[in-house]
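First comes the structure, then the notes that go with it.
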Amino acid sequence: EEEEEEDEDDNMSTVLRLRTKMPWRTCWRYLTSGGFFLLFLMIFSKLLKHSVIVAIDYWLATWTSMDNTNEVRNTDDVENTNKVGTYHVAVFSILSGAGIVLCLITSLTVEWMGLTAAKNLHHNLLNKIILGPIRFFDTTPLGLILNRFSADTNIIDQHIPPTLESLTRSTLLCLSAIGMISYATPWFLVALVPLGIAFYFIQKYFRVASKDLQELDDSTQLPLLCHFSETAEGLTTIRAFRHEARFKQRMLELTDTNNIAYLFLSAANRWLEVRTDYLGACIVLTAAVTSITEGPNSGFVGLGLLYALTITNYLNWVVRNLADLEVQMGAVKKVHSFLNMESENYDGYL
């Protein structure tokens, strides 16, 4: 009995470890399905865009700090000041224009890579199904095959690209904020370690709960839609046998079940927002205290506090997009399970 209990504990720990583990291999399969060139172009454009965004803020902080220094020194050289101002305006305009162009290029690259990945996955899946052996169709339900070409393909087409774009944007903005705060106040790096540990455990706990609640919401929504369509199609028969009350009661029960799942999912999102707000408040407090003790110029103090105030929203979206992407990658994993099937020998052309 003790050995059986130990085996059950080992199995439970294995299951929990798999549930908390992010499917990075599946993400890599999806990204490589779009091609290595588009993957490199997306990563390069993302990094370049956010570097330009940080450079714009850094340039503004330098500009304002220089203006404050000139005011303190009471410089009388008006002509020199105008030249410096014109130079700063020109550099700021060039950086702003480059940021706008890079935003457009990045959005097009992400959509292009998502379209290419979805097209390649659908093409490979269709070839595997057409060349599939007879025993595959004897052992696999037809509804499962149709689900791969309908629901899972729709997730790959419509949901994964915007989620991936939002996740990369939020992550890079969060890293940019932490980097800028650390540059303005280096003592912030000391407090970053416990805050990072707290954020890791919060996102790990939320991802598991959010994944289960989203699956529960989807599983309770399907019977509701099926019951509604069946009721609409057989409305004349239901009225003929006077079973309106029974079908109405069944509809209300299914609606309550689905609403309960959605209510818990909303409560989990609010739970995450409260925790990320506390983390953001700790980051703002730490950045403010370290900026006072460090005593840098006013431009970088304001820039560090500005990034600290916006990091709460970034942390929230990083965790939520990570949880959504983990659920959506299940569709890619299901499609790849069909791609591992052995095909029959065929010498013709498709």
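Within each chain, counting starts at residue 1; across the structure tokens, chains are named A, B, ... in the order shown, with ligands numbered 1 upward in that order.
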
Need the shell around range 326-343 of chain A: protein/DNA/RNA residues with any atom at most 7 Å away, counting only C-alpha atoms. Skip same-chain ones fewer than 6 positions apart. Format as a VMD selection string? chain A and resid 22 to 23 26 to 27 30 125 128 131 to 133 148 152 155 to 156 160 211

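When the distance limit is 10 Å and only C-alpha atoms are what count, the residues near Lys204 in chain A, minus those fewer than 4 positions from it on the same chain, are Arg19, Thr20, Lys21, Met22, Phe199, Tyr200, Val208, Ala209, Val319 and Ala323 of chain A.
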
Same residues, C-alpha atoms, output as a PDB file, in the first residue's frame:
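Contents of out_23.pdb, as written:
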```
ATOM      1  CA  ARG A  19       0.289  21.301 -16.368  1.00  0.00           C
ATOM      2  CA  THR A  20       2.538  24.109 -15.183  1.00  0.00           C
ATOM      3  CA  LYS A  21       5.019  23.653 -18.036  1.00  0.00           C
ATOM      4  CA  MET A  22       4.691  25.956 -21.024  1.00  0.00           C
ATOM      5  CA  PHE A 199       5.838  37.497 -10.351  1.00  0.00           C
ATOM      6  CA  TYR A 200       7.020  34.017 -11.403  1.00  0.00           C
ATOM      7  CA  VAL A 208      -2.873  26.627 -14.651  1.00  0.00           C
ATOM      8  CA  ALA A 209      -6.167  27.992 -13.303  1.00  0.00           C
ATOM      9  CA  VAL A 319       0.475  36.800 -17.934  1.00  0.00           C
ATOM     10  CA  ALA A 323      -2.191  31.855 -20.580  1.00  0.00           C
TER      11      ALA A 323
END
```

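Closest approach to Ala287 in chain A among A:Tyr87, A:Ile129, A:Val190, A:Ile145: A:Val190, based on only C-alpha atoms.
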
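Of the residues under consideration (A:Ser93, A:Ser229, A:Thr255, A:Thr290), A:Thr290 shows the shortest atom-to-atom contact distance to Pro186 in chain A when counting only C-alpha atoms.
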
Restricting the calculation to only C-alpha atoms, which member of A:Ala184, A:Leu222, A:Leu31, A:Val284 is positioned closest to Ile43 in chain A? A:Leu31

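Minimum distance to Phe300 in chain A across A:Ala261, A:Ile181, A:Cys226, A:Leu192 (counting only C-alpha atoms) occurs at A:Ile181.
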
Taking only C-alpha atoms into account, name the residue in A:Met42, A:Phe136, A:Leu272, A:Leu95 that is nearest to Glu344 in chain A. A:Phe136

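Of note, CA of Leu279 in chain A and CA of Ala198 in chain A are spaced 8.2 Å apart.
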
List the spatial neighbours of Tyr262 in chain A as an MDAnalysis selection string - criterion: any atom at most 10 Å away, only C-alpha atoms, same-chain residues fewer than 4 positions off excluded. chainID A and resid 213:214 216:218 220:221 256:258 266:268

I'd like the neighbourhood of range 48-56 of chain A as a PyMOL selection string, where a residue qualifies if any of its atoms comes within 7 Å (using only C-alpha atoms), though same-chain residues fewer than 4 positions away should be ignored. chain A and resi 44+60+92+95-96+99+102-103+172+176

Nearest to Leu175 in chain A by atom-to-atom distance, counting only C-alpha atoms, from A:Thr237, A:Thr310, A:Thr109, A:Gln249: A:Thr310

Spatial neighbours of Pro161 in chain A, 8 Å, only C-alpha atoms, chain gap at least 5 places, as a ChimeraX atom specification: /A:110-111,114,156

Could you turn the residues from that selection into a file that holds C-alpha atoms, as a tab-separated table (two decimals), in the first residue's frame?
```tsv
chain	number	residue	atom	x	y	z
A	110	VAL	CA	3.50	39.26	-37.68
A	111	GLU	CA	0.38	38.90	-39.83
A	114	GLY	CA	0.80	33.94	-39.06
A	156	ILE	CA	-4.54	28.95	-35.81
```

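Between CA of Ala61 in chain A and CA of Leu303 in chain A the separation is 6.6 Å.
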
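For the pair CA of Tyr307 in chain A and CA of Ala177 in chain A, the interatomic distance is 5.1 Å.
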
Taking 6 positions as the minimum chain separation for residues in the same chain, which residues sit within 12 Å of Pro194 in chain A when counting only C-alpha atoms? Answer as a PDB file with N, CA and C atoms, in the first residue's frame.
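Printed below is selection_0.pdb as written:
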```
ATOM      1  N   PHE A 188      17.649  49.879  -8.068  1.00  0.00           N
ATOM      2  CA  PHE A 188      16.394  49.158  -8.299  1.00  0.00           C
ATOM      3  C   PHE A 188      16.643  47.686  -8.598  1.00  0.00           C
ATOM      4  N   TYR A 200       6.931  35.361 -10.829  1.00  0.00           N
ATOM      5  CA  TYR A 200       7.020  34.017 -11.403  1.00  0.00           C
ATOM      6  C   TYR A 200       5.969  33.095 -10.798  1.00  0.00           C
ATOM      7  N   PHE A 201       5.832  33.111  -9.478  1.00  0.00           N
ATOM      8  CA  PHE A 201       4.864  32.227  -8.833  1.00  0.00           C
ATOM      9  C   PHE A 201       3.428  32.676  -9.121  1.00  0.00           C
ATOM     10  N   LEU A 279       2.209  44.366  -7.210  1.00  0.00           N
ATOM     11  CA  LEU A 279       3.582  44.341  -7.696  1.00  0.00           C
ATOM     12  C   LEU A 279       3.963  45.682  -8.325  1.00  0.00           C
ATOM     13  N   CYS A 282       4.636  48.181  -5.650  1.00  0.00           N
ATOM     14  CA  CYS A 282       5.965  47.966  -5.058  1.00  0.00           C
ATOM     15  C   CYS A 282       7.068  48.478  -5.980  1.00  0.00           C
ATOM     16  N   ILE A 283       6.884  48.290  -7.294  1.00  0.00           N
ATOM     17  CA  ILE A 283       7.891  48.769  -8.248  1.00  0.00           C
ATOM     18  C   ILE A 283       7.941  50.294  -8.244  1.00  0.00           C
ATOM     19  N   THR A 286       9.598  51.419  -5.000  1.00  0.00           N
ATOM     20  CA  THR A 286      11.047  51.165  -5.029  1.00  0.00           C
ATOM     21  C   THR A 286      11.754  52.141  -5.955  1.00  0.00           C
TER      22      THR A 286
END
```
